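These notes are about the structure you will find just below.
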Amino acid sequence: MMKRLLRGVGLVVLMSVTALIAGTVVPRPPWTDSRSPDAAPKREILLLSNAIHTDIAIPVDPDLLLRFGFLSAGGLAIDQPGVRYLVFGWGGRAFYIETPEWSQLKPLPVLKALTVDRSVMHIERAGGIDRAHPAVTPLAMDNAGYQRLLQFIEASFAKQGDMPVAIPGAAYGQNDIFYEANGRFNALLGCNTWTSAALRQAGLATGWWNPLPATLSVSLALHNDLPDR
């Protein structure tokens, strides 16, 4: 009985590792735009990573402030002096909101993250971000890809009528806010697969399945010409 159990566990581990490797090295889409990389003006964004989560940091300009002006109405003033980036992330409601620090980890949010949970958007206003930091990956795209990326992010907000819905009292501090989001969260199709889908909208190739920040970062390096730091 124990040998069968161990074989079963070993098989699951082998299948999981195989899926992670295949999900990293197999590009999605299988081909990228064939235009010269110098054919169109470039826009740069930043991918921010930690051990389990990725965010997309977008430089602030007048168009971005106008497009996401509803954030100021929701309680996060984004047109303040010193704000240089808006940082967007998608994730599971319970785990994302209730775990600002690892020391605050609770069993119920973990359980929901491993099963199915409602989703939220997290937005943070940030000052300067060091492009050379190991947790930061600069990514370049043309203006059309940049606009598709913004459309994808905007479409991720759940709306009541025409307005995205802020979650009252949900924030880590004075520089961030949570909103209701579209879609359901689980560990296999979570925050990092959302980030991957957003980057594909921008014209970048990712791995076929990237549930972890590490696999997403490796796949971006494999399948794209990344800007110098």
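Ligands are numbered from 1 in the order shown, residues from 1 within each chain, and chains are lettered A, B, ... in the order they appear in the structure tokens.
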Segment 222-225 of chain A surroundings by only C-alpha atoms, 7 Å radius, close-in-sequence under 6 positions cut, as JSON, numbers by chain: {"A": [27, 204, 205, 206]}
Atoms to include: N, CA, C and O atoms. Write the selected residues as an mmCIF file, in the first residue's frame.
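Saved as part_36.cif:
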```cif
data_model
loop_
_atom_site.group_PDB
_atom_site.id
_atom_site.type_symbol
_atom_site.label_atom_id
_atom_site.label_comp_id
_atom_site.auth_asym_id
_atom_site.auth_seq_id
_atom_site.Cartn_x
_atom_site.Cartn_y
_atom_site.Cartn_z
ATOM 1 N N PRO A 27 6.248 28.412 -26.427
ATOM 2 C CA PRO A 27 5.802 29.810 -26.469
ATOM 3 C C PRO A 27 4.309 29.937 -26.759
ATOM 4 O O PRO A 27 3.707 29.110 -27.443
ATOM 5 N N LEU A 204 3.865 40.528 -26.510
ATOM 6 C CA LEU A 204 4.977 39.722 -26.009
ATOM 7 C C LEU A 204 4.589 38.248 -25.999
ATOM 8 O O LEU A 204 3.415 37.901 -25.873
ATOM 9 N N ALA A 205 5.584 37.379 -26.129
ATOM 10 C CA ALA A 205 5.350 35.939 -26.024
ATOM 11 C C ALA A 205 5.712 35.492 -24.616
ATOM 12 O O ALA A 205 6.729 35.909 -24.056
ATOM 13 N N THR A 206 4.873 34.654 -24.029
ATOM 14 C CA THR A 206 5.155 34.051 -22.735
ATOM 15 C C THR A 206 5.174 32.539 -22.911
ATOM 16 O O THR A 206 4.932 32.029 -23.998
#
```
12 Å contact set for Ala57 of chain A, only C-alpha atoms, chain neighbours under 4 positions out, as an MDAnalysis selection string: chainID A and resid 44:49 64 83:89 122:131 136:139 149:150 153 195 199
Nearest candidate to Val165 of chain A (options A:Gly69, A:Gly74, A:Gly91, A:Pro62; using only C-alpha atoms):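 Smallest distance to Val165 of chain A is found for A:Gly74.
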Atom CA of Asn50 of chain A to atom CA of Ala135 of chain A, straight-line distance in Å: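 About the pair atom CA of Ala135 of chain A and atom CA of Asn50 of chain A: they are 6.6 Å apart.
The space separating atom CA of Ile58 of chain A from atom CA of Glu98 of chain A comes to 25.0 Å.
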Which of segment 141-229 of chain A fall in helix (DSSP H, G or I), as a ChimeraX atom specification: /A:143-155,191-201,213-223
Residue nearest Lys159 of chain A - candidates A:Thr99, A:Gly145, A:Leu216, A:Phe70, atoms counted: only C-alpha atoms: A:Phe70
Nearest-residue call for Ala181 of chain A, choices A:Ala197, A:Ala132, A:Ala214, A:Ala158, using only C-alpha atoms: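 Of the candidates, the smallest distance to Ala181 of chain A is held by A:Ala158.
The spacing separating atom CA of Ser119 of chain A from atom CA of Arg93 of chain A amounts to 4.9 Å.
The nearest approach to Asp63 of chain A among the residues A:Ala77, A:Tyr146, A:Ala94, A:Asn182, with only C-alpha atoms taken into account, belongs to A:Tyr146.
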